[in-house]
Amino acid sequence: MTVESFLAIEATGLVKSFGDTLAVDGVDLAVRRGAVYGVLGPNGAGKTTTIRMLATLTRPDAGQARVLGHDIVADAGAVRRAVSLTGQLASVDEDLTGRENLVLLGRLLGLGRAAAKHRAGELLDAFGLTEASGRLVKQYSGGMRRRLDIAASLVVTPEVMFLDEPTTGLDPRSRNQVWAIVRALAAEGTTVLLCTQYLEEADQLAEGIAVIDDGRVIAEGTPSQLKASVGSGALHVRLLDAAQRPEASEVLERALGPVVLDADPAALTVPCREADRGAEVLAELGRRGVGIADFSLGQPSLDEVFLALTGHPAESTPDPGDVVPTLDEGRSA
Amino acid sequence: MTTASTPAAFTPADEAAVRRAIASSARPPEPSRASAALSFAWRGMLKVRHVPEQLLDVTITPVMFVLMFTYLFGGAIAGSTGAYLDYILPGILVMTVLFNTVYSGVGLNTDLTKGVVDRFRSLPVWRPAPLVGSLLGDSVRYLASGGVIILLGVALGFRPGAGPLGAVAALGLVVLFAFGLSWIFTTLGLLLRSPSAVMNAGFMAVFPLTFLSNVFVEPQTLPSALEAFVDVNPISTLATTSRGLMAGNAEVGDIVVVLAVAAALTLVFAPITTRLYRRG
């Protein structure tokens with residue numbers, strides 16, 4: 001077996017511009033078969049254009065890419081036979097019912113009339129949409145539409161699935177449902193390329209992440225590698241008695257390095273590369289009679305990673321948990 | 001905020017159902033070209049079923065034209081409303097169906113603004129299938145609106161000389177021609193930015209082509225330059241042939257010309273449309 005055959009997606013130097021705008025400026029990707037791989041970046045970073053090139057919807061201006069060994073330009077038909085795309089805009093027909101959408105796709109993928117109907121019923125059931133199956137999609141809520149959209153990509157299980165910002169604009173409950181579906185896909189062996197601007201999403205789902213900014217991959221690795229590459233982790237300590245902070249600060253500083261005094265008068269933070277050293281220092285505080293209310297030893301968040309890599313925070317990245325479900329959710333695209 | 005603590009609605013059982021659904025599907029052989037196109041045609045018909053009003057839009061104007069021309073101008077143009085109805089009904093049939101073709105371009109342009117086109121374009125199907133299919137679906141609309149006009153004519157006293165079969169033949173020929181002509185408007189639909197731009201450009205083309213033909217009046221009364229244009233306008237040939245089919249005296253040569261023009265339009269504009277559609 002050659003090395004390539006382990007890869008579901010391999011792209012080198014993909015370039016695409018629209019007029020004067022260089023949307024994608026030399027993107028390289030290597031995604032293992034069966035992996036969930038995150039492409040993480042702010043709006044306008046080139047994520048969607050990259051995914052559209054890989055799904056054969058847009059031809060690259062330069063560079064090469066293979067999906068399951070098929071060239072995306074020379075062998076686009078073979079690529080289309082193996083992939084499914086769930087685009088950023090809902091890729092279902094709003095003027096049809098949910099069931100009609102799935103039956104139509106089943107027919108277009110070669111299922112017979114009865115088989116297409118059966119498959120549609122199976123998917124509607126699995127995705128909790130049976131009750132709404134006879135309603136026009138334009139009357140669906142954002143979360144239902146997204147689930148139907150993903151179901152539409154699974155009428156015939158693809159070997160590679162492209163998911164472009166699957167939880168943008170969803171409330172936390174719908175987001176969790178989409179995450180569960182992505183995990184189920186991965187468990188069944190489908191390779192998922194997941195574009196997202198939510199750092200938490202990539203961290204939760206992806207085994208590998210490419211951070212993309214201004215059309216370029218600026219960092220690549222597992223979530224922990226990315227965090228480690230930015231810097232050490234940190235030990236956060238909160239004391240029972242704020243008056244003891246100077247003493248605690250002295251101990252921590254001597255053992256681990258420069259201490260940051262948090263806004264909370266009882267809290268301190270200190271860089272900590274090894275968990276063992278952290279534990280020793282905590283024991284030392286205990287011996288000196290410094291009472292600890294709580295402590296945590298953590299890696300930097302992906303938000304901090306993004307800031308460190310790009311010099312600017314990830315744009316418009318509310319924590320998905322903070323997205324307020326909107327009343328007119330059903331009408332949002 | 002309370003929503004953040006909402007538990008996932010997916011229970012492990014649901015997740016298992018999703019996994020089963022994913023695991024159970026095997027890839028069937030690709031559909032034939034005809035099957036893919038017919039599936040897209042079915043999509044078009046479903047839309048009509050969900051929003052039947054859209055059929056009204058394209059039928060009300062021609063109905064008004066039949067009534068207005070027959071009773072307002074009929075006496076003046078042909079001596080009697082009855083005589084004019086015989087002349088104008090096949091002509092209005094042509095006009096009705098041709099006006100409908102513009103809506104095919106408008107519909108395609110509207111489709112492009114939606115994400116579903118991306119899914120269609122990423123499917124492993126015969127590349128022109130979405131376009132051929134939607135035009136086939138539209139052809140059903142053409143048939144329906146043409147049928148309404150013929151039935152209205154019959155209600156007003158129109159009796160085709162060749163009987164119902166003649167009327168059906170005329171309708172069939174007009175719809176075939178319209179299928180060819182539609183490709184111009186689907187090309188426009190892909191080139192122009194908005195549905196209303198397609199509508200304007202489409203009617204700017206269809207109006208003069210229809211009025212500068214023998215749909216409403218015999219060309220003999222026209223200035224010679226205009227008469228020359230009317231004589232070579234394929235819409236004139238189409239109107240003459242549909243009159244002939246209804247009366248039972250159509251010329252085979254004319255039928256061949258109409259079909260050849262439809263075929264030529266398809267051969268030129270279908271590949272252009274397909275290429276533009278793929279490019280996105």
# chains A, B, ... in the order shown; residues from 1 in each chain; ligands from 1
>>> closest_atom_pairs(of="stretch 76-134 of chain B", to="stretch 154-166 of chain B", cutoff="12 Å", atoms="only C-alpha atoms", output="tab-separated table")
residue	atom	partner	partner_atom	distance
B:Thr81	CA	B:Leu156	CA	9.9
B:Gly82	CA	B:Gly157	CA	7.4
B:Ala83	CA	B:Phe158	CA	9.2
B:Tyr84	CA	B:Phe158	CA	9.8
B:Leu85	CA	B:Phe158	CA	6.5
B:Asp86	CA	B:Phe158	CA	6.2
B:Tyr87	CA	B:Phe158	CA	9.7
B:Ile88	CA	B:Phe158	CA	10.1
B:Leu89	CA	B:Phe158	CA	7.9
B:Pro90	CA	B:Pro160	CA	9.5
>>> interface_residues(of="chain B", to="chain A", cutoff="6 Å", atoms="only C-alpha atoms", output="list of chain:residue names")
B:Ala4, B:Ala8, B:Phe10, B:Ala17, B:Val18, B:Arg19, B:Ile22, B:Ser25, B:Arg27, B:Pro28, B:Pro29, B:Glu30, B:Pro31, B:Ala36, B:Gly115, B:Val116, B:Arg119, B:Ser122, B:Leu123, B:Pro124
>>> select_by_dssp(residues="stretch 111-260 of chain B", states="alpha helix (DSSP H)", output="PyMOL selection string")
chain B and resi 111-112+116-121+129-156+163-191+195-211+224-232+234-247+252-260
